[in-house]
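So this one's work_37.cif, mmCIF, C-alpha atoms:
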```
data_target
loop_
_atom_site.label_atom_id
_atom_site.label_comp_id
_atom_site.auth_asym_id
_atom_site.auth_seq_id
_atom_site.Cartn_x
_atom_site.Cartn_y
_atom_site.Cartn_z
CA MET A 23 124.11 135.20 108.61
CA ILE A 24 120.33 135.26 108.31
CA ASP A 25 120.48 133.33 105.03
CA ASN A 26 122.49 130.58 106.75
CA ILE A 27 119.90 130.35 109.51
CA LEU A 28 117.06 130.19 106.98
CA HIS A 29 118.86 127.56 104.92
CA SER A 30 119.64 125.31 107.89
CA THR A 31 116.08 125.77 109.18
CA ARG A 32 114.63 124.66 105.82
CA ASP A 33 116.95 121.61 105.77
CA ARG A 34 116.03 120.60 109.31
CA MET A 35 112.30 121.02 108.60
CA LYS A 36 112.62 118.90 105.44
CA LYS A 37 114.30 116.17 107.51
CA ALA A 38 111.41 116.29 110.00
CA ILE A 39 108.96 115.87 107.12
CA GLU A 40 110.93 112.90 105.76
CA VAL A 41 110.89 111.24 109.18
CA THR A 42 107.12 111.74 109.32
CA ARG A 43 106.69 110.43 105.76
CA THR A 44 108.63 107.28 106.71
CA ASP A 45 106.50 106.86 109.84
CA LEU A 46 103.29 107.24 107.85
CA SER A 47 104.41 104.75 105.21
CA SER A 48 104.72 102.10 107.91
CA ILE A 49 100.98 102.40 108.68
CA ARG A 50 99.13 99.72 106.82
CA SER A 51 96.45 100.84 104.43
CA GLY A 52 94.36 98.36 102.50
CA ARG A 53 97.12 97.92 99.90
CA ALA A 54 100.30 95.88 100.01
CA THR A 55 103.43 98.02 99.81
CA PRO A 56 107.09 97.17 100.54
CA ALA A 57 107.14 100.04 103.05
CA LEU A 58 105.05 97.92 105.43
CA VAL A 59 108.00 95.61 106.11
CA GLU A 60 111.18 97.21 104.77
CA ASN A 61 112.15 98.94 108.04
CA ILE A 62 111.42 95.99 110.33
CA VAL A 63 114.64 95.02 112.13
CA VAL A 64 115.31 91.28 112.15
CA THR A 65 117.89 89.36 114.18
CA VAL A 66 119.72 86.96 111.86
CA TYR A 67 122.80 84.74 111.71
CA GLY A 68 122.24 83.25 115.15
CA GLY A 69 121.55 86.57 116.86
CA THR A 70 124.80 88.21 115.77
CA GLN A 71 123.28 90.71 113.30
CA HIS A 72 120.33 93.12 113.55
CA LEU A 73 119.41 94.22 110.03
CA LYS A 74 116.45 95.88 108.35
CA MET A 75 114.38 93.81 105.94
CA MET A 76 115.48 95.96 103.01
CA GLU A 77 119.11 95.06 103.80
CA LEU A 78 118.34 91.34 103.83
CA SER A 79 116.04 90.89 100.85
CA THR A 80 114.23 92.12 97.80
CA ILE A 81 110.70 93.19 98.71
CA THR A 82 108.04 93.35 95.99
CA THR A 83 104.27 93.25 95.68
CA MET A 84 102.57 90.64 93.55
CA ASP A 85 99.20 92.33 93.69
CA ALA A 86 97.31 94.73 95.96
CA LYS A 87 97.08 92.13 98.74
CA THR A 88 100.38 90.18 98.59
CA ILE A 89 103.96 91.10 99.56
CA MET A 90 106.81 88.85 98.39
CA ILE A 91 110.16 88.80 100.16
CA SER A 92 113.16 87.15 98.45
CA PRO A 93 116.11 86.90 100.89
CA TYR A 94 119.56 87.48 99.43
CA ASP A 95 120.73 84.57 101.59
CA PRO A 96 118.14 81.74 101.51
CA SER A 97 119.70 80.11 104.59
CA ILE A 98 118.19 82.79 106.86
CA ILE A 99 114.63 82.56 105.54
CA THR A 100 113.26 81.04 108.78
CA GLU A 101 114.99 83.73 110.89
CA ILE A 102 113.42 86.42 108.69
CA SER A 103 110.01 84.79 109.03
CA ARG A 104 110.37 84.64 112.83
CA GLY A 105 111.50 88.27 112.89
CA LEU A 106 108.45 89.34 110.89
CA GLU A 107 106.16 87.51 113.32
CA ALA A 108 107.99 88.98 116.33
CA ALA A 109 107.60 92.52 114.92
CA ASN A 110 103.94 92.30 115.93
CA THR A 111 102.62 93.99 112.79
CA GLY A 112 99.65 91.68 112.42
CA LEU A 113 101.14 90.26 109.22
CA THR A 114 101.55 86.51 108.83
CA PRO A 115 104.56 85.40 106.77
CA VAL A 116 104.37 82.09 104.89
CA ILE A 117 107.56 80.44 103.60
CA ASP A 118 107.13 79.20 100.04
CA GLY A 119 110.38 77.63 98.86
CA GLU A 120 113.00 80.41 98.77
CA ILE A 121 110.52 83.28 99.17
CA ILE A 122 108.23 84.56 101.90
CA ARG A 123 104.68 85.56 101.03
CA ILE A 124 102.57 87.83 103.17
CA SER A 125 98.86 88.08 102.35
CA LEU A 126 97.14 91.11 103.76
CA PRO A 127 93.68 90.51 105.16
CA PRO A 128 91.12 93.24 104.47
CA LEU A 129 90.90 95.93 107.14
CA SER A 130 87.79 96.17 109.30
CA GLU A 131 86.20 99.59 109.74
CA GLU A 132 87.29 99.62 113.38
CA ARG A 133 90.90 98.89 112.39
CA ARG A 134 90.81 101.62 109.74
CA GLN A 135 89.74 104.15 112.38
CA GLU A 136 92.57 103.00 114.67
CA TYR A 137 95.07 103.50 111.84
CA ILE A 138 93.65 106.97 111.11
CA LYS A 139 94.17 107.90 114.78
CA LEU A 140 97.71 106.53 114.63
CA ALA A 141 98.40 108.53 111.45
CA LYS A 142 97.12 111.71 113.11
CA THR A 143 99.39 111.05 116.11
CA LYS A 144 102.41 110.62 113.83
CA LEU A 145 101.48 113.77 111.89
CA GLU A 146 101.20 115.74 115.11
CA ALA A 147 104.65 114.49 116.13
CA GLY A 148 105.94 115.76 112.76
CA LYS A 149 104.35 119.16 113.36
CA VAL A 150 105.95 119.29 116.80
CA MET A 151 109.35 118.59 115.20
CA VAL A 152 108.81 121.39 112.65
CA ARG A 153 107.72 123.81 115.38
CA GLY A 154 110.77 122.83 117.44
CA VAL A 155 113.00 123.73 114.50
CA ARG A 156 111.14 127.05 114.18
CA HIS A 157 111.67 127.73 117.89
CA ASP A 158 115.41 127.04 117.60
CA ALA A 159 115.68 129.33 114.57
CA MET A 160 113.80 132.14 116.33
CA LYS A 161 116.16 131.86 119.32
CA GLU A 162 119.16 131.96 116.99
CA ILE A 163 117.82 135.09 115.25
CA ALA A 164 117.12 136.78 118.58
CA LYS A 165 120.68 135.95 119.62
CA THR A 166 122.11 137.53 116.44
CA GLU A 167 120.11 140.68 117.13
CA ALA A 168 121.35 140.76 120.74
CA ASP A 169 124.93 140.42 119.45
CA GLY A 170 124.34 143.39 117.18
CA THR A 171 124.97 141.33 114.04
CA VAL A 172 121.56 142.17 112.55
CA SER A 173 119.18 145.09 112.94
CA GLU A 174 115.69 144.84 114.40
CA ASP A 175 114.18 145.18 110.92
CA GLU A 176 116.30 142.30 109.61
CA LYS A 177 115.30 140.24 112.65
CA THR A 178 111.60 140.94 112.03
CA LEU A 179 111.92 140.06 108.35
CA ALA A 180 113.79 136.83 109.16
CA GLU A 181 111.17 135.84 111.75
CA LYS A 182 108.45 136.44 109.17
CA LYS A 183 110.28 134.24 106.62
CA ILE A 184 110.73 131.48 109.19
CA GLN A 185 107.03 131.62 110.05
CA GLU A 186 106.13 131.41 106.34
CA LEU A 187 108.47 128.43 105.98
CA THR A 188 106.87 126.79 109.01
CA ASP A 189 103.38 127.35 107.60
CA GLU A 190 104.49 125.83 104.28
CA MET A 191 105.89 122.73 105.99
CA ILE A 192 102.81 122.30 108.20
CA ALA A 193 100.63 122.53 105.06
CA GLU A 194 102.77 119.82 103.45
CA LEU A 195 102.26 117.61 106.52
CA ASP A 196 98.51 118.26 106.43
CA ALA A 197 98.42 117.25 102.75
CA MET A 198 100.31 114.04 103.60
CA GLY A 199 97.79 113.36 106.36
CA GLU A 200 94.79 113.87 104.08
CA LYS A 201 96.32 111.57 101.47
CA LYS A 202 96.98 108.86 104.08
CA GLU A 203 93.46 109.18 105.46
CA GLN A 204 91.97 108.79 101.96
CA GLU A 205 94.19 105.74 101.45
CA LEU A 206 92.99 104.24 104.72
CA LEU A 207 89.31 104.87 103.98
CA GLN A 208 89.54 103.39 100.50
CA VAL A 209 88.13 99.86 100.49
#
```

Mind converting the file's structure to C-alpha coordinates?
Amino acid sequence: MIDNILHSTRDRMKKAIEVTRTDLSSIRSGRATPALVENIVVTVYGGTQHLKMMELSTITTMDAKTIMISPYDPSIITEISRGLEAANTGLTPVIDGEIIRISLPPLSEERRQEYIKLAKTKLEAGKVMVRGVRHDAMKEIAKTEADGTVSEDEKTLAEKKIQELTDEMIAELDAMGEKKEQELLQV
(Lines of atoms letter the chains of each structure in order from A and count residues from 1; the text may use other names and numbers.)
(Lines give C-alpha, C1' and ligand atoms only; values in the text may rest on other atoms or scores of the structure.)
Protein backbone atom coordinates (compact mmCIF):
# COMPACT_ATOMS: atom_id res chain seq x y z
CA MET A 1 0.00 0.00 0.00
CA ILE A 2 2.68 2.48 1.04
CA ASP A 3 4.87 1.46 -1.91
CA ASN A 4 1.99 2.23 -4.30
CA ILE A 5 1.57 5.67 -2.75
CA LEU A 6 5.30 6.35 -2.99
CA HIS A 7 5.44 5.15 -6.60
CA SER A 8 2.47 7.24 -7.73
CA THR A 9 3.84 10.25 -5.83
CA ARG A 10 7.21 9.94 -7.62
CA ASP A 11 5.44 9.67 -11.00
CA ARG A 12 3.26 12.71 -10.34
CA MET A 13 6.27 14.75 -9.16
CA LYS A 14 8.23 13.76 -12.28
CA LYS A 15 5.31 14.95 -14.43
CA ALA A 16 5.31 18.29 -12.58
CA ILE A 17 9.04 18.63 -13.30
CA GLU A 18 8.49 17.85 -16.99
CA VAL A 19 5.77 20.50 -17.20
CA THR A 20 8.16 23.00 -15.62
CA ARG A 21 11.00 21.95 -17.95
CA THR A 22 8.71 22.54 -20.95
CA ASP A 23 7.69 25.93 -19.57
CA LEU A 24 11.31 26.94 -19.04
CA SER A 25 12.33 25.85 -22.52
CA SER A 26 9.83 28.30 -23.98
CA ILE A 27 11.70 31.21 -22.35
CA ARG A 28 14.04 32.72 -24.87
CA SER A 29 17.70 32.79 -23.98
CA GLY A 30 20.26 34.33 -26.27
CA ARG A 31 20.39 31.17 -28.40
CA ALA A 32 18.04 29.92 -31.08
CA THR A 33 16.37 26.64 -30.17
CA PRO A 34 13.37 24.84 -31.72
CA ALA A 35 11.72 24.87 -28.27
CA LEU A 36 11.07 28.61 -28.68
CA VAL A 37 8.42 27.95 -31.33
CA GLU A 38 7.52 24.25 -31.32
CA ASN A 39 4.60 24.57 -28.87
CA ILE A 40 3.05 27.67 -30.44
CA VAL A 41 -0.49 26.83 -31.57
CA VAL A 42 -1.31 28.07 -35.07
CA THR A 43 -4.71 28.23 -36.77
CA VAL A 44 -4.39 26.76 -40.28
CA TYR A 45 -6.49 25.52 -43.18
CA GLY A 46 -8.86 28.47 -43.09
CA GLY A 47 -9.38 28.38 -39.33
CA THR A 48 -10.50 24.75 -39.20
CA GLN A 49 -7.40 23.34 -37.45
CA HIS A 50 -5.44 24.46 -34.38
CA LEU A 51 -2.09 22.69 -34.42
CA LYS A 52 1.27 23.10 -32.71
CA MET A 53 4.23 24.18 -34.82
CA MET A 54 5.94 20.83 -34.31
CA GLU A 55 2.90 19.12 -35.86
CA LEU A 56 3.01 21.36 -38.92
CA SER A 57 6.70 21.56 -39.74
CA THR A 58 10.30 20.61 -39.24
CA ILE A 59 12.01 23.10 -36.94
CA THR A 60 15.80 23.42 -37.03
CA THR A 61 18.47 25.95 -36.14
CA MET A 62 20.93 27.17 -38.74
CA ASP A 63 23.17 28.85 -36.22
CA ALA A 64 22.92 30.34 -32.72
CA LYS A 65 20.72 33.19 -33.94
CA THR A 66 18.49 31.67 -36.67
CA ILE A 67 15.54 29.27 -36.54
CA MET A 68 14.35 27.64 -39.78
CA ILE A 69 10.83 26.27 -40.15
CA SER A 70 10.01 23.98 -43.10
CA PRO A 71 6.24 23.34 -43.28
CA TYR A 72 5.15 19.85 -44.29
CA ASP A 73 2.48 21.52 -46.42
CA PRO A 74 3.94 24.59 -48.21
CA SER A 75 0.44 25.91 -48.98
CA ILE A 76 -0.03 26.99 -45.34
CA ILE A 77 3.25 28.89 -45.01
CA THR A 78 1.54 32.32 -44.77
CA GLU A 79 -0.90 31.03 -42.13
CA ILE A 80 2.05 29.71 -40.09
CA SER A 81 3.84 33.04 -40.43
CA ARG A 82 0.72 34.93 -39.28
CA GLY A 83 0.30 32.52 -36.37
CA LEU A 84 3.90 33.09 -35.27
CA GLU A 85 3.37 36.87 -35.34
CA ALA A 86 0.05 36.55 -33.47
CA ALA A 87 1.72 34.45 -30.74
CA ASN A 88 3.31 37.67 -29.51
CA THR A 89 6.71 36.12 -28.78
CA GLY A 90 8.69 39.06 -30.10
CA LEU A 91 9.99 36.91 -32.96
CA THR A 92 9.65 38.11 -36.53
CA PRO A 93 9.15 35.37 -39.14
CA VAL A 94 10.35 35.97 -42.70
CA ILE A 95 9.09 33.78 -45.55
CA ASP A 96 11.94 32.69 -47.81
CA GLY A 97 10.56 30.47 -50.57
CA GLU A 98 9.21 27.32 -48.90
CA ILE A 99 10.80 27.98 -45.50
CA ILE A 100 10.35 30.51 -42.71
CA ARG A 101 13.41 32.07 -41.12
CA ILE A 102 13.39 33.70 -37.72
CA SER A 103 16.44 35.75 -36.74
CA LEU A 104 16.79 36.36 -33.03
CA PRO A 105 17.92 39.83 -32.06
CA PRO A 106 20.37 40.02 -29.16
CA LEU A 107 18.77 40.41 -25.73
CA SER A 108 19.18 43.67 -23.84
CA GLU A 109 20.21 43.47 -20.19
CA GLU A 110 16.76 44.68 -19.16
CA ARG A 111 15.10 41.94 -21.21
CA ARG A 112 17.43 39.31 -19.72
CA GLN A 113 16.38 40.36 -16.22
CA GLU A 114 12.70 40.14 -17.22
CA TYR A 115 13.26 36.60 -18.52
CA ILE A 116 15.08 35.63 -15.31
CA LYS A 117 12.07 36.85 -13.30
CA LEU A 118 9.75 34.89 -15.59
CA ALA A 119 11.90 31.76 -15.18
CA LYS A 120 11.79 32.13 -11.39
CA THR A 121 7.99 32.47 -11.53
CA LYS A 122 7.70 29.29 -13.61
CA LEU A 123 10.08 27.46 -11.26
CA GLU A 124 8.03 28.52 -8.26
CA ALA A 125 4.90 27.21 -9.99
CA GLY A 126 6.73 23.89 -10.47
CA LYS A 127 7.65 23.80 -6.78
CA VAL A 128 4.03 24.48 -5.87
CA MET A 129 2.96 21.54 -8.06
CA VAL A 130 5.51 19.26 -6.35
CA ARG A 131 4.40 20.41 -2.90
CA GLY A 132 0.77 19.84 -3.89
CA VAL A 133 1.62 16.25 -4.81
CA ARG A 134 3.40 15.87 -1.45
CA HIS A 135 0.33 17.23 0.35
CA ASP A 136 -1.95 14.75 -1.44
CA ALA A 137 0.39 11.86 -0.60
CA MET A 138 0.56 12.87 3.07
CA LYS A 139 -3.26 12.97 3.23
CA GLU A 140 -3.43 9.54 1.61
CA ILE A 141 -0.95 8.11 4.13
CA ALA A 142 -2.84 9.65 7.05
CA LYS A 143 -6.01 8.09 5.66
CA THR A 144 -4.39 4.63 5.49
CA GLU A 145 -3.29 4.99 9.11
CA ALA A 146 -6.82 6.05 10.13
CA ASP A 147 -8.19 2.98 8.33
CA GLY A 148 -5.80 0.81 10.31
CA THR A 149 -4.05 -0.42 7.16
CA VAL A 150 -0.63 0.79 8.34
CA SER A 151 0.91 1.36 11.76
CA GLU A 152 2.04 4.72 13.08
CA ASP A 153 5.69 3.73 12.55
CA GLU A 154 5.01 2.83 8.91
CA LYS A 155 3.17 6.13 8.47
CA THR A 156 6.10 8.08 9.94
CA LEU A 157 8.58 6.24 7.72
CA ALA A 158 6.44 6.83 4.61
CA GLU A 159 6.09 10.54 5.44
CA LYS A 160 9.85 10.77 5.82
CA LYS A 161 10.37 9.09 2.41
CA ILE A 162 7.88 11.44 0.77
CA GLN A 163 9.64 14.44 2.28
CA GLU A 164 13.00 13.15 1.00
CA LEU A 165 11.46 12.65 -2.44
CA THR A 166 10.05 16.18 -2.33
CA ASP A 167 13.44 17.62 -1.34
CA GLU A 168 15.06 15.71 -4.22
CA MET A 169 12.56 17.07 -6.74
CA ILE A 170 12.85 20.64 -5.43
CA ALA A 171 16.65 20.35 -5.74
CA GLU A 172 16.21 19.20 -9.35
CA LEU A 173 14.01 22.23 -10.04
CA ASP A 174 16.57 24.53 -8.41
CA ALA A 175 19.31 23.05 -10.63
CA MET A 176 17.13 23.63 -13.70
CA GLY A 177 16.61 27.22 -12.58
CA GLU A 178 20.32 27.86 -12.09
CA LYS A 179 21.07 26.40 -15.52
CA LYS A 180 18.41 28.59 -17.16
CA GLU A 181 19.69 31.68 -15.35
CA GLN A 182 23.25 30.99 -16.54
CA GLU A 183 21.89 30.53 -20.07
CA LEU A 184 20.06 33.84 -19.86
CA LEU A 185 23.07 35.75 -18.51
CA GLN A 186 25.40 34.35 -21.16
CA VAL A 187 25.97 36.95 -23.88

ask   = So which one's closest to Leu195 of chain A, A:Glu181, A:Asp85, A:Glu120, A:Glu40? Using all atoms listed in the file, please.
value = A:Glu40

remark   = Pairwise distance, atom CA of Leu73 of chain A with atom CA of Glu60 of chain A, equals 10.2 Å

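Pairwise distance (atom CA of Ile62 of chain A, atom CA of Ile138 of chain A) equals 20.9 Å.
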
key: Residue neighbourhood Ser30 of chain A, 12 Å, only C-alpha atoms, exclusion window fewer than 4 positions, as number ranges by chain   = A: 23-26, 34-37, 155-156, 158-159, 162, 184, 187

ask   = Closest to Tyr94 of chain A among A:Ala109, A:Glu77, A:Glu131, A:Leu126, using all atoms listed in the file?
value = A:Glu77

request  = Figure out the distance between atom CA of Thr80 of chain A and atom CA of Arg104 of chain A, please, to one decimal in Å.
outcome  =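 That distance, rounded to one decimal, is 17.2 Å.
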
ask   = Quick one: residues within 12 Å of Lys149 of chain A, all atoms listed in the file counted, chain neighbours fewer than 6 positions away excluded, as a count of residues only?
value = 24
